Amino acid sequence: MAHTPYPESYYAASANAVPPRPALQDDVETDVCVIGAGYTGLSSALFLLENGFRVTVLEAAKVGFGASGRNGGQIVNSYSRDIDVIERSVGPKQAQLLGQMAFEGGRIIRERVAKYNIQCDLKDGGVFAAITAKQMDHLESQKRLWERFGHTQLELMDQRRIREVVACDQYIGGMLDMSGGHIHPLNLALGEAAAVESLGGTLYEQSPAVRIERGANPVVHTPQGKVRAKFIIVAGNAYLGNLVPELAAKSMPCGTQVITTEPLGEELARALLPQDYCVEDCNYLLDYYRLSGDKRLIFGGGVVYGARDPANIEAIIRPKMLKAFPQLKDVKIDYAWTGNFLLTLSRLPQVGRLGDNIYYSQGCSGHGVTYTHLAGKVLAEALRGQAERFDAFADLPHYPFPGGQMLRTPFAALGAWYYGLRDKFGF
Ligand SMILES: Cc1cc2nc3c(=O)[nH]c(=O)nc-3n(C[C@H](O)[C@H](O)[C@H](O)COP(=O)(O)OP(=O)(O)OC[C@H]3O[C@@H](n4cnc5c(N)ncnc54)[C@H](O)[C@@H]3O)c2cc1C
């Protein structure tokens, strides 16, 4: 049977040691079969186990093989769409619920790390950096909005103040969120998987779900086994392919790329990011970066619509890094990789149920580290019969991409080109 390893990344190279996990080769029975061992799947599994469900997780490759083991590691609160836009689309009551949940994912991560003693270099503090006056205005209104929903740990920064936390001359100001922060993303996923097993959950790797037999007693088939379950949670996100055609139709996998420098040494690292906060800029096609535990710069940016793997990642991302930090011109790049996130047309996550017993969450469109942890909790609540928060997400309106699966990539690229121009010329 095909064995899919991790892509070559800094995270795979610095992953905590874990025992090998078997592929499913049997017929097994469980309460909930979770498809995908990224944060959505693992968070769902953990909340369900903590509430007495029996859980079996099927992972096509390895724990954290997808975006959860490759991302920028930035704990960014809220969603990929502003809450006032959400409010205009869904009305005040639903917006209130969604707004209250906007900072919960970061809390869940910190609780998990503490409760299960997960070694993942957790650091507090995330900066949104404004390059234009318009972006700064937007941050100011964002702060007011978030405070309206009870999120008050935010500090606006002027040009002098932001220069104290990041040695980049591009920024005219920013906003610091001390409930944001950063983690080694693969080690977080591996720690969560170990927690799943410590609670009696079962995890199979190299076990892709290849078919779902729907009905009152659904069955998930893998190449060499099957799982009979009362419920199924589909958590394959951008790596799901066409397993569930209804989900593939309304979303689009997109690639984004990350590079990692050689270790910078304490002095240079502290000169760049003295407080060790993570940073993302406010462009539509944004750059994001932070220090690793061993003081490398991990820098990401760029989007490839349709998730084709670019030929030379370093050639695409290094110039962006040097634009922000020309002082790194002689620093070597040790790792470069790509990963896929799932874009929806509304840039809001898609959450719902197919029939009575197949649940899903996908498509957080960029910022997903916190949302996916929240999603696991909300899905587990729904399976326990408390669906108010699940419904707040499930009722969000969603649309298929114009042009269907054939034309969605050029249409989205056209949209991004337009927003790229807006970033560049500030209109
Ligand atoms: C390069 C990159 C950088 C990013 N940076 C950030 C960031 O800094 N901050 C942030 O908030 N967000 C970031 N994101 C987004 C964030 O990582 C994702 O939103 C989040 O990890 C998605 O988690 P997930 O569990 O839904 O999906 P994934 O982590 O992709 O997990 C899906 C899993 O399902 C498995 N799978 C798929 N199909 C099947 C099947 N048929 N059977 C069994 N298993 C299956 C896959 O192998 C995979 O392991 C980034 C994404 C990328 C790609």
# chains A, B, ... in the order shown; residues from 1 in each chain; ligands from 1

call {"tool": "residues_near_ligand", "arguments": {"ligand": "ligand 1", "cutoff": "6 Å", "atoms": "only C-alpha atoms and all ligand atoms", "output": "ChimeraX atom specification"}}
result
/A:35-41,58-61,63-68,70-76,208-210,235-240,256-258,338-341,362,364,366-370,372

call {"tool": "write_last_selection", "arguments": {"atoms": "N, CA and C atoms", "output": "CSV table (one decimal), in the first residue's frame"}}
result
chain,number,residue,atom,x,y,z
A,35,ILE,N,-12.8,11.7,9.8
A,35,ILE,CA,-12.0,11.6,8.6
A,35,ILE,C,-11.0,12.8,8.5
A,36,GLY,N,-9.8,12.5,8.8
A,36,GLY,CA,-8.7,13.6,8.7
A,36,GLY,C,-8.2,13.9,10.1
A,37,ALA,N,-6.9,13.8,10.2
A,37,ALA,CA,-6.2,14.1,11.5
A,37,ALA,C,-5.4,15.4,11.4
A,38,GLY,N,-6.1,16.5,11.0
A,38,GLY,CA,-5.7,17.8,11.1
A,38,GLY,C,-6.3,18.4,12.4
A,39,TYR,N,-6.2,19.7,12.6
A,39,TYR,CA,-6.8,20.3,13.8
A,39,TYR,C,-8.3,20.1,13.9
A,40,THR,N,-9.0,20.2,12.8
A,40,THR,CA,-10.5,20.0,12.8
A,40,THR,C,-10.8,18.6,13.3
A,41,GLY,N,-10.2,17.6,12.8
A,41,GLY,CA,-10.4,16.2,13.2
A,41,GLY,C,-10.0,15.9,14.6
A,58,LEU,N,-9.5,8.4,11.0
A,58,LEU,CA,-8.8,7.9,9.9
A,58,LEU,C,-8.0,9.0,9.2
A,59,GLU,N,-6.7,8.8,9.0
A,59,GLU,CA,-5.9,9.8,8.4
A,59,GLU,C,-5.3,9.2,7.1
A,60,ALA,N,-5.4,9.9,6.0
A,60,ALA,CA,-4.9,9.4,4.7
A,60,ALA,C,-3.4,9.2,4.7
A,61,ALA,N,-2.7,10.1,5.4
A,61,ALA,CA,-1.2,10.1,5.4
A,61,ALA,C,-0.8,9.9,6.8
A,63,VAL,N,-0.6,12.1,10.9
A,63,VAL,CA,-1.2,13.1,11.7
A,63,VAL,C,-0.5,14.5,11.3
A,64,GLY,N,-1.4,15.5,11.0
A,64,GLY,CA,-0.8,16.8,10.7
A,64,GLY,C,-0.2,16.9,9.3
A,65,PHE,N,-0.5,15.9,8.4
A,65,PHE,CA,0.1,15.9,7.1
A,65,PHE,C,-0.4,17.1,6.3
A,66,GLY,N,-1.6,17.6,6.5
A,66,GLY,CA,-2.2,18.7,5.7
A,66,GLY,C,-1.7,20.1,6.3
A,67,ALA,N,-2.6,21.0,6.1
A,67,ALA,CA,-2.3,22.4,6.5
A,67,ALA,C,-1.9,22.5,8.0
A,68,SER,N,-2.5,21.6,8.8
A,68,SER,CA,-2.2,21.7,10.3
A,68,SER,C,-0.7,21.4,10.6
A,70,ARG,N,1.8,22.2,8.5
A,70,ARG,CA,2.7,23.0,7.6
A,70,ARG,C,2.5,24.5,7.7
A,71,ASN,N,1.6,24.9,8.5
A,71,ASN,CA,1.2,26.3,8.5
A,71,ASN,C,2.2,27.3,9.1
A,72,GLY,N,1.8,28.6,9.1
A,72,GLY,CA,2.7,29.6,9.6
A,72,GLY,C,2.8,29.5,11.1
A,73,GLY,N,2.0,28.8,11.8
A,73,GLY,CA,2.0,28.6,13.2
A,73,GLY,C,1.4,29.8,14.0
A,74,GLN,N,0.7,30.7,13.3
A,74,GLN,CA,0.2,31.9,13.9
A,74,GLN,C,-1.2,31.7,14.5
A,75,ILE,N,-1.3,32.0,15.8
A,75,ILE,CA,-2.6,31.9,16.4
A,75,ILE,C,-3.3,33.2,16.2
A,76,VAL,N,-4.1,33.3,15.1
A,76,VAL,CA,-4.8,34.5,14.8
A,76,VAL,C,-6.2,34.4,15.1
A,208,PRO,N,-6.7,6.2,4.0
A,208,PRO,CA,-7.7,7.2,3.4
A,208,PRO,C,-9.1,6.6,3.4
A,209,ALA,N,-10.0,7.4,3.7
A,209,ALA,CA,-11.4,7.1,3.5
A,209,ALA,C,-11.6,7.1,2.0
A,210,VAL,N,-12.0,6.1,1.4
A,210,VAL,CA,-12.2,6.1,-0.1
A,210,VAL,C,-13.6,6.1,-0.5
A,235,ALA,N,-13.4,15.9,8.0
A,235,ALA,CA,-12.5,17.0,8.3
A,235,ALA,C,-11.2,16.9,7.4
A,236,GLY,N,-11.4,16.7,6.2
A,236,GLY,CA,-10.3,16.5,5.2
A,236,GLY,C,-9.9,17.8,4.6
A,237,ASN,N,-10.8,18.9,4.7
A,237,ASN,CA,-10.5,20.2,4.3
A,237,ASN,C,-9.9,20.2,2.8
A,238,ALA,N,-8.8,20.9,2.6
A,238,ALA,CA,-8.3,21.1,1.2
A,238,ALA,C,-7.7,19.8,0.7
A,239,TYR,N,-7.6,18.8,1.5
A,239,TYR,CA,-7.0,17.5,1.0
A,239,TYR,C,-8.0,16.4,0.8
A,240,LEU,N,-9.3,16.8,0.9
A,240,LEU,CA,-10.4,15.8,0.8
A,240,LEU,C,-10.6,15.3,-0.6
A,256,THR,N,-0.3,27.9,-0.4
A,256,THR,CA,0.5,29.0,0.1
A,256,THR,C,1.9,28.5,0.6
A,257,GLN,N,2.9,29.3,0.5
A,257,GLN,CA,4.2,28.8,0.6
A,257,GLN,C,5.0,29.4,1.8
A,258,VAL,N,5.9,28.6,2.4
A,258,VAL,CA,6.6,29.1,3.6
A,258,VAL,C,8.1,28.7,3.4
A,338,THR,N,5.2,24.0,0.6
A,338,THR,CA,3.9,24.5,0.2
A,338,THR,C,2.8,23.7,1.0
A,339,GLY,N,1.7,24.3,1.2
A,339,GLY,CA,0.6,23.6,1.8
A,339,GLY,C,-0.7,24.2,1.3
A,340,ASN,N,-1.8,23.4,1.4
A,340,ASN,CA,-3.1,23.8,0.9
A,340,ASN,C,-4.1,24.2,2.0
A,341,PHE,N,-4.7,25.4,1.8
A,341,PHE,CA,-5.8,25.7,2.6
A,341,PHE,C,-7.1,25.7,1.7
A,362,GLN,N,-15.3,22.9,7.1
A,362,GLN,CA,-14.2,23.1,6.2
A,362,GLN,C,-14.1,24.6,5.7
A,364,CYS,N,-11.9,27.5,6.1
A,364,CYS,CA,-11.8,28.7,6.8
A,364,CYS,C,-11.0,29.8,6.0
A,366,GLY,N,-7.9,30.5,5.0
A,366,GLY,CA,-6.6,31.2,5.4
A,366,GLY,C,-6.4,31.1,6.8
A,367,HIS,N,-7.1,31.9,7.6
A,367,HIS,CA,-6.9,31.8,9.1
A,367,HIS,C,-7.7,30.6,9.7
A,368,GLY,N,-7.0,29.6,10.0
A,368,GLY,CA,-7.7,28.4,10.5
A,368,GLY,C,-7.2,27.8,11.8
A,369,VAL,N,-6.0,28.2,12.2
A,369,VAL,CA,-5.5,27.6,13.4
A,369,VAL,C,-6.4,27.6,14.6
A,370,THR,N,-7.0,28.8,14.8
A,370,THR,CA,-7.9,29.0,16.0
A,370,THR,C,-9.3,28.4,15.6
A,372,THR,N,-10.3,26.1,13.6
A,372,THR,CA,-10.5,24.7,13.5
A,372,THR,C,-10.6,24.1,15.0

call {"tool": "select_by_dssp", "arguments": {"residues": "region 210-302 of chain A", "states": "helix (DSSP H, G or I)", "output": "PyMOL selection string"}}
result
chain A and resi 237-239+245-249+266-272

call {"tool": "closest_residue", "arguments": {"among": "A:Val234, A:Cys254, A:Leu154, A:Leu273", "to": "Gly376 (chain A)", "atoms": "only C-alpha atoms"}}
result
A:Val234

call {"tool": "residues_around", "arguments": {"residues": "Leu348 (chain A)", "least_positions_apart": "3", "cutoff": "8 Å", "atoms": "only C-alpha atoms", "output": "PyMOL selection string"}}
result
chain A and resi 79-81+344-345+363-365+396

call {"tool": "write_last_selection", "arguments": {"atoms": "N, CA and C atoms", "output": "mmCIF file, in the first residue's frame"}}
result
data_model
loop_
_atom_site.group_PDB
_atom_site.id
_atom_site.type_symbol
_atom_site.label_atom_id
_atom_site.label_comp_id
_atom_site.auth_asym_id
_atom_site.auth_seq_id
_atom_site.Cartn_x
_atom_site.Cartn_y
_atom_site.Cartn_z
ATOM 1 N N TYR A 79 -12.145 35.377 12.257
ATOM 2 C CA TYR A 79 -12.362 34.631 11.024
ATOM 3 C C TYR A 79 -11.677 35.349 9.862
ATOM 4 N N SER A 80 -11.734 34.736 8.682
ATOM 5 C CA SER A 80 -11.118 35.371 7.519
ATOM 6 C C SER A 80 -12.022 36.442 6.911
ATOM 7 N N ARG A 81 -13.106 36.758 7.554
ATOM 8 C CA ARG A 81 -14.003 37.827 7.113
ATOM 9 C C ARG A 81 -14.354 38.665 8.334
ATOM 10 N N THR A 344 -13.341 29.513 0.393
ATOM 11 C CA THR A 344 -14.757 29.549 0.016
ATOM 12 C C THR A 344 -15.018 30.939 -0.562
ATOM 13 N N LEU A 345 -16.105 31.051 -1.323
ATOM 14 C CA LEU A 345 -16.351 32.334 -1.983
ATOM 15 C C LEU A 345 -16.606 33.443 -0.955
ATOM 16 N N GLY A 363 -12.992 24.918 5.070
ATOM 17 C CA GLY A 363 -12.941 26.159 4.301
ATOM 18 C C GLY A 363 -12.810 27.438 5.106
ATOM 19 N N CYS A 364 -11.868 27.466 6.068
ATOM 20 C CA CYS A 364 -11.761 28.726 6.808
ATOM 21 C C CYS A 364 -10.961 29.764 6.030
ATOM 22 N N SER A 365 -10.508 29.417 4.836
ATOM 23 C CA SER A 365 -10.009 30.407 3.870
ATOM 24 C C SER A 365 -8.786 31.187 4.336
ATOM 25 N N LEU A 396 -24.696 30.163 7.946
ATOM 26 C CA LEU A 396 -24.008 31.163 7.120
ATOM 27 C C LEU A 396 -24.270 30.855 5.646
#

call {"tool": "atom_distance", "arguments": {"atom1": "CA of Leu49 (chain A)", "atom2": "CA of Gly200 (chain A)"}}
result
7.6 Å

call {"tool": "select_by_dssp", "arguments": {"residues": "region 174-223 of chain A", "states": "strand (DSSP E)", "output": "list in words"}}
result
Gly174, Met175, Leu176, Asp177, Met178, Ser179, Gly180, Gly181, His182, Thr202, Leu203, Tyr204, Arg211, Ile212, Glu213, Val219, Val220, His221 and Thr222 of chain A

call {"tool": "residues_around", "arguments": {"residues": "Cys120 (chain A)", "least_positions_apart": "4", "cutoff": "7 Å", "atoms": "only C-alpha atoms", "output": "number ranges by chain"}}
result
A: 183-184, 187-188

call {"tool": "write_last_selection", "arguments": {"atoms": "C-alpha atoms", "output": "PDB file, in the first residue's frame"}}
result
ATOM      1  CA  ILE A 183       3.132  27.523  18.024  1.00  0.00           C
ATOM      2  CA  HIS A 184       5.082  24.768  16.266  1.00  0.00           C
ATOM      3  CA  ASN A 187       4.017  19.424  17.277  1.00  0.00           C
ATOM      4  CA  LEU A 188       0.649  20.817  18.379  1.00  0.00           C
TER       5      LEU A 188
END

call {"tool": "residues_around", "arguments": {"residues": "Ile316 (chain A)", "least_positions_apart": "4", "cutoff": "10 Å", "atoms": "only C-alpha atoms", "output": "short mmCIF file (atom, residue, chain, number, x, y, z; two decimals) with C-alpha atoms, in the first residue's frame"}}
result
data_model
loop_
_atom_site.label_atom_id
_atom_site.label_comp_id
_atom_site.auth_asym_id
_atom_site.auth_seq_id
_atom_site.Cartn_x
_atom_site.Cartn_y
_atom_site.Cartn_z
CA GLN A 257 4.25 28.82 0.65
CA VAL A 258 6.59 29.06 3.61
CA ILE A 259 10.37 29.34 3.92
CA GLY A 301 3.15 34.48 1.82
CA GLY A 302 1.73 34.15 -1.62
CA PRO A 310 5.14 26.12 -7.47
CA ALA A 311 8.50 25.04 -8.89
CA ASN A 312 10.82 27.29 -6.87
CA LYS A 320 9.16 39.15 0.09
CA MET A 321 11.21 38.35 3.18
#
